[in-house]
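The structure appears below as structure tokens.
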Amino acid sequence: MDPSTPSGHRLLLVEDNEDNRTIYSTLLRHLGYEVIEAQNGVQAIELARSERPDLILMDISIPEMDGWEATRILRGDPVTKAIPIVALTAHALEDDRERAAEVGFSSYLAKPIEPRAVLAEVRRLIGENVTPRPIGG
């Protein structure tokens, strides 16, 4: 954990949509999380292995390697298998939820997702409450 990060928690945000990435990362950073960003599944695996985040927010429909396959690989790796992974996806059918559980996602949020719902899920899986930093801080 990075001692300069108020919450001490590092998150990996895997999202190819720049607007979504900006919204989620801005909110999470404001609340004291360190946020590492990836835009595709290959980057996600590399960063998860090297940075060992406390939690991964994983879009399913991402380039190079989709979130399904990236999560399968992370779950099979002793270094990353215990990291909670939250699916962020427009795939909202019941079959998709079942597939997410089978692949190894810790939870599932269907898009469009309110930023507060993302934050609530992060807090639930990490098990903490974070005090917001002052804006600009």
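Chain lettering (A, B, ...) mirrors the order of the structure tokens, residue numbering begins at 1 for each chain separately, and ligand numbering begins at 1 in order of display.
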> DSSP on the backbone: what in region 64-111 of chain A comes out alpha helix (DSSP H), as a ChimeraX atom specification?
Replying inline: /A:67-75,94-103
Write out the residues from the selection above, keeping N, CA, C and O atoms, as a PDB file, in the first residue's frame.
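Dumped to out_27.pdb:
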```
ATOM      1  N   GLY A  67     -12.899  -8.546 -20.926  1.00  0.00           N
ATOM      2  CA  GLY A  67     -12.872  -8.680 -19.474  1.00  0.00           C
ATOM      3  C   GLY A  67     -13.131 -10.090 -18.978  1.00  0.00           C
ATOM      4  O   GLY A  67     -12.648 -10.480 -17.919  1.00  0.00           O
ATOM      5  N   TRP A  68     -13.888 -10.863 -19.756  1.00  0.00           N
ATOM      6  CA  TRP A  68     -14.124 -12.269 -19.380  1.00  0.00           C
ATOM      7  C   TRP A  68     -12.793 -13.017 -19.325  1.00  0.00           C
ATOM      8  O   TRP A  68     -12.482 -13.684 -18.338  1.00  0.00           O
ATOM      9  N   GLU A  69     -12.041 -12.925 -20.433  1.00  0.00           N
ATOM     10  CA  GLU A  69     -10.777 -13.665 -20.533  1.00  0.00           C
ATOM     11  C   GLU A  69      -9.736 -13.116 -19.554  1.00  0.00           C
ATOM     12  O   GLU A  69      -9.007 -13.883 -18.918  1.00  0.00           O
ATOM     13  N   ALA A  70      -9.659 -11.792 -19.437  1.00  0.00           N
ATOM     14  CA  ALA A  70      -8.700 -11.202 -18.502  1.00  0.00           C
ATOM     15  C   ALA A  70      -8.976 -11.682 -17.073  1.00  0.00           C
ATOM     16  O   ALA A  70      -8.048 -12.033 -16.332  1.00  0.00           O
ATOM     17  N   THR A  71     -10.243 -11.749 -16.708  1.00  0.00           N
ATOM     18  CA  THR A  71     -10.595 -12.207 -15.358  1.00  0.00           C
ATOM     19  C   THR A  71     -10.261 -13.683 -15.179  1.00  0.00           C
ATOM     20  O   THR A  71      -9.738 -14.075 -14.133  1.00  0.00           O
ATOM     21  N   ARG A  72     -10.531 -14.498 -16.194  1.00  0.00           N
ATOM     22  CA  ARG A  72     -10.160 -15.929 -16.123  1.00  0.00           C
ATOM     23  C   ARG A  72      -8.663 -16.072 -15.847  1.00  0.00           C
ATOM     24  O   ARG A  72      -8.250 -16.876 -15.012  1.00  0.00           O
ATOM     25  N   ILE A  73      -7.859 -15.301 -16.571  1.00  0.00           N
ATOM     26  CA  ILE A  73      -6.401 -15.380 -16.409  1.00  0.00           C
ATOM     27  C   ILE A  73      -5.991 -14.911 -15.010  1.00  0.00           C
ATOM     28  O   ILE A  73      -5.177 -15.553 -14.343  1.00  0.00           O
ATOM     29  N   LEU A  74      -6.572 -13.809 -14.547  1.00  0.00           N
ATOM     30  CA  LEU A  74      -6.240 -13.293 -13.215  1.00  0.00           C
ATOM     31  C   LEU A  74      -6.636 -14.276 -12.122  1.00  0.00           C
ATOM     32  O   LEU A  74      -5.921 -14.437 -11.130  1.00  0.00           O
ATOM     33  N   ARG A  75      -7.752 -14.947 -12.289  1.00  0.00           N
ATOM     34  CA  ARG A  75      -8.194 -15.932 -11.295  1.00  0.00           C
ATOM     35  C   ARG A  75      -7.293 -17.176 -11.283  1.00  0.00           C
ATOM     36  O   ARG A  75      -7.192 -17.858 -10.272  1.00  0.00           O
ATOM     37  N   GLU A  94     -29.570 -12.080 -17.371  1.00  0.00           N
ATOM     38  CA  GLU A  94     -29.327 -13.019 -16.282  1.00  0.00           C
ATOM     39  C   GLU A  94     -28.197 -13.996 -16.638  1.00  0.00           C
ATOM     40  O   GLU A  94     -27.393 -14.346 -15.785  1.00  0.00           O
ATOM     41  N   ASP A  95     -28.137 -14.416 -17.913  1.00  0.00           N
ATOM     42  CA  ASP A  95     -27.053 -15.309 -18.339  1.00  0.00           C
ATOM     43  C   ASP A  95     -25.692 -14.647 -18.150  1.00  0.00           C
ATOM     44  O   ASP A  95     -24.704 -15.307 -17.826  1.00  0.00           O
ATOM     45  N   ASP A  96     -25.631 -13.333 -18.380  1.00  0.00           N
ATOM     46  CA  ASP A  96     -24.373 -12.609 -18.200  1.00  0.00           C
ATOM     47  C   ASP A  96     -23.959 -12.598 -16.735  1.00  0.00           C
ATOM     48  O   ASP A  96     -22.783 -12.757 -16.407  1.00  0.00           O
ATOM     49  N   ARG A  97     -24.916 -12.409 -15.843  1.00  0.00           N
ATOM     50  CA  ARG A  97     -24.617 -12.432 -14.402  1.00  0.00           C
ATOM     51  C   ARG A  97     -24.091 -13.803 -13.988  1.00  0.00           C
ATOM     52  O   ARG A  97     -23.134 -13.907 -13.221  1.00  0.00           O
ATOM     53  N   GLU A  98     -24.727 -14.844 -14.499  1.00  0.00           N
ATOM     54  CA  GLU A  98     -24.281 -16.205 -14.183  1.00  0.00           C
ATOM     55  C   GLU A  98     -22.881 -16.451 -14.726  1.00  0.00           C
ATOM     56  O   GLU A  98     -22.036 -17.025 -14.043  1.00  0.00           O
ATOM     57  N   ARG A  99     -22.636 -16.004 -15.961  1.00  0.00           N
ATOM     58  CA  ARG A  99     -21.312 -16.170 -16.555  1.00  0.00           C
ATOM     59  C   ARG A  99     -20.268 -15.419 -15.736  1.00  0.00           C
ATOM     60  O   ARG A  99     -19.158 -15.912 -15.515  1.00  0.00           O
ATOM     61  N   ALA A 100     -20.605 -14.210 -15.270  1.00  0.00           N
ATOM     62  CA  ALA A 100     -19.677 -13.423 -14.458  1.00  0.00           C
ATOM     63  C   ALA A 100     -19.280 -14.182 -13.196  1.00  0.00           C
ATOM     64  O   ALA A 100     -18.106 -14.215 -12.819  1.00  0.00           O
ATOM     65  N   ALA A 101     -20.255 -14.816 -12.560  1.00  0.00           N
ATOM     66  CA  ALA A 101     -19.965 -15.594 -11.356  1.00  0.00           C
ATOM     67  C   ALA A 101     -19.083 -16.801 -11.692  1.00  0.00           C
ATOM     68  O   ALA A 101     -18.134 -17.108 -10.967  1.00  0.00           O
ATOM     69  N   GLU A 102     -19.377 -17.462 -12.803  1.00  0.00           N
ATOM     70  CA  GLU A 102     -18.591 -18.632 -13.211  1.00  0.00           C
ATOM     71  C   GLU A 102     -17.144 -18.262 -13.532  1.00  0.00           C
ATOM     72  O   GLU A 102     -16.227 -19.000 -13.204  1.00  0.00           O
ATOM     73  N   VAL A 103     -16.947 -17.134 -14.181  1.00  0.00           N
ATOM     74  CA  VAL A 103     -15.600 -16.692 -14.572  1.00  0.00           C
ATOM     75  C   VAL A 103     -14.783 -16.295 -13.346  1.00  0.00           C
ATOM     76  O   VAL A 103     -13.572 -16.430 -13.334  1.00  0.00           O
TER      77      VAL A 103
END
```
> Mind checking DSSP for region 48-128 of chain A and telling me the strand (DSSP E or B) residues as number ranges by chain?
Replying inline: A: 55-59, 85-89, 107-110
> So which residues touch Thr89 (chain A) within 8 Å, counting only C-alpha atoms, skipping near sequence neighbours fewer than 6 positions away, as a list in words?
Replying inline: Asp59, Ile60, Ser61, Tyr108, Leu109, Ala110 and Lys111 of chain A
Write the selection just made, keeping all heavy atoms, as an mmCIF file, in the first residue's frame?
```cif
data_model
loop_
_atom_site.group_PDB
_atom_site.id
_atom_site.type_symbol
_atom_site.label_atom_id
_atom_site.label_comp_id
_atom_site.auth_asym_id
_atom_site.auth_seq_id
_atom_site.Cartn_x
_atom_site.Cartn_y
_atom_site.Cartn_z
ATOM 1 N N ASP A 59 -14.228 -3.493 -16.965
ATOM 2 C CA ASP A 59 -15.215 -3.460 -18.044
ATOM 3 C C ASP A 59 -15.112 -4.794 -18.781
ATOM 4 O O ASP A 59 -14.031 -5.396 -18.854
ATOM 5 C CB ASP A 59 -14.898 -2.283 -18.980
ATOM 6 C CG ASP A 59 -15.954 -2.055 -20.037
ATOM 7 O OD1 ASP A 59 -17.038 -2.657 -19.972
ATOM 8 O OD2 ASP A 59 -15.683 -1.259 -20.952
ATOM 9 N N ILE A 60 -16.214 -5.268 -19.327
ATOM 10 C CA ILE A 60 -16.212 -6.539 -20.059
ATOM 11 C C ILE A 60 -15.822 -6.334 -21.519
ATOM 12 O O ILE A 60 -15.009 -7.072 -22.058
ATOM 13 C CB ILE A 60 -17.599 -7.216 -19.994
ATOM 14 C CG1 ILE A 60 -17.983 -7.524 -18.547
ATOM 15 C CG2 ILE A 60 -17.646 -8.466 -20.852
ATOM 16 C CD1 ILE A 60 -17.120 -8.553 -17.874
ATOM 17 N N SER A 61 -16.394 -5.331 -22.155
ATOM 18 C CA SER A 61 -16.156 -5.093 -23.583
ATOM 19 C C SER A 61 -14.990 -4.125 -23.767
ATOM 20 O O SER A 61 -15.179 -2.924 -23.939
ATOM 21 C CB SER A 61 -17.422 -4.530 -24.234
ATOM 22 O OG SER A 61 -18.465 -5.452 -24.118
ATOM 23 N N TYR A 108 -21.007 -7.683 -9.782
ATOM 24 C CA TYR A 108 -21.433 -7.344 -11.134
ATOM 25 C C TYR A 108 -22.279 -6.087 -11.089
ATOM 26 O O TYR A 108 -23.266 -6.041 -10.356
ATOM 27 C CB TYR A 108 -22.254 -8.540 -11.619
ATOM 28 C CG TYR A 108 -22.820 -8.472 -13.000
ATOM 29 C CD1 TYR A 108 -22.193 -9.122 -14.047
ATOM 30 C CD2 TYR A 108 -24.021 -7.799 -13.245
ATOM 31 C CE1 TYR A 108 -22.743 -9.101 -15.316
ATOM 32 C CE2 TYR A 108 -24.564 -7.768 -14.514
ATOM 33 C CZ TYR A 108 -23.920 -8.424 -15.539
ATOM 34 O OH TYR A 108 -24.456 -8.401 -16.797
ATOM 35 N N LEU A 109 -21.883 -5.055 -11.833
ATOM 36 C CA LEU A 109 -22.666 -3.827 -11.940
ATOM 37 C C LEU A 109 -22.995 -3.594 -13.407
ATOM 38 O O LEU A 109 -22.097 -3.538 -14.245
ATOM 39 C CB LEU A 109 -21.879 -2.636 -11.385
ATOM 40 C CG LEU A 109 -21.544 -2.677 -9.890
ATOM 41 C CD1 LEU A 109 -20.630 -1.519 -9.522
ATOM 42 C CD2 LEU A 109 -22.807 -2.665 -9.044
ATOM 43 N N ALA A 110 -24.299 -3.468 -13.710
ATOM 44 C CA ALA A 110 -24.741 -3.282 -15.095
ATOM 45 C C ALA A 110 -24.764 -1.793 -15.451
ATOM 46 O O ALA A 110 -25.264 -0.968 -14.684
ATOM 47 C CB ALA A 110 -26.118 -3.889 -15.287
ATOM 48 N N LYS A 111 -24.206 -1.461 -16.607
ATOM 49 C CA LYS A 111 -24.191 -0.082 -17.105
ATOM 50 C C LYS A 111 -25.555 0.276 -17.668
ATOM 51 O O LYS A 111 -26.233 -0.594 -18.191
ATOM 52 C CB LYS A 111 -23.135 0.074 -18.207
ATOM 53 C CG LYS A 111 -21.718 -0.026 -17.705
ATOM 54 C CD LYS A 111 -20.756 0.149 -18.856
ATOM 55 C CE LYS A 111 -19.323 0.062 -18.391
ATOM 56 N NZ LYS A 111 -18.381 0.198 -19.504
#
```
>> Residues near Gly41 (chain A), anyone? I mean within 8 Å using only C-alpha atoms, not counting same-chain ones fewer than 4 positions away, as a ChimeraX atom specification.
In response: /A:14,45,62-67,69-70
Could you write out the selected residues, including C-alpha atoms, as an mmCIF file, in the first residue's frame?
```cif
data_model
loop_
_atom_site.group_PDB
_atom_site.id
_atom_site.type_symbol
_atom_site.label_atom_id
_atom_site.label_comp_id
_atom_site.auth_asym_id
_atom_site.auth_seq_id
_atom_site.Cartn_x
_atom_site.Cartn_y
_atom_site.Cartn_z
ATOM 1 C CA VAL A 14 -10.061 -1.172 -16.583
ATOM 2 C CA ILE A 45 -3.304 -8.325 -16.518
ATOM 3 C CA ILE A 62 -12.567 -3.900 -23.863
ATOM 4 C CA PRO A 63 -10.035 -4.220 -26.702
ATOM 5 C CA GLU A 64 -7.239 -6.750 -27.226
ATOM 6 C CA MET A 65 -8.631 -9.157 -24.616
ATOM 7 C CA ASP A 66 -12.125 -8.863 -23.178
ATOM 8 C CA GLY A 67 -12.872 -8.680 -19.474
ATOM 9 C CA GLU A 69 -10.777 -13.665 -20.533
ATOM 10 C CA ALA A 70 -8.700 -11.202 -18.502
#
```
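For the choices A:Ile23, A:Met58, A:Leu93, A:Ala87, the atom-to-atom distance to Ala38 (chain A) is smallest for A:Met58 when using only C-alpha atoms.
Of the residues under consideration (A:Ala48, A:Ile56, A:Ile36, A:Leu31), A:Ala48 shows the shortest atom-to-atom contact distance to Asp77 (chain A) when counting only C-alpha atoms.
Of the listed residues (A:Tyr24, A:Glu18, A:Ala90, A:Val42), A:Tyr24 comes nearest to Arg116 (chain A); the distances count only C-alpha atoms.
Distance check against Glu51 (chain A) using only C-alpha atoms: of A:Ala82, A:Ala117, A:Leu12, A:Leu27, the minimum falls on A:Leu12.
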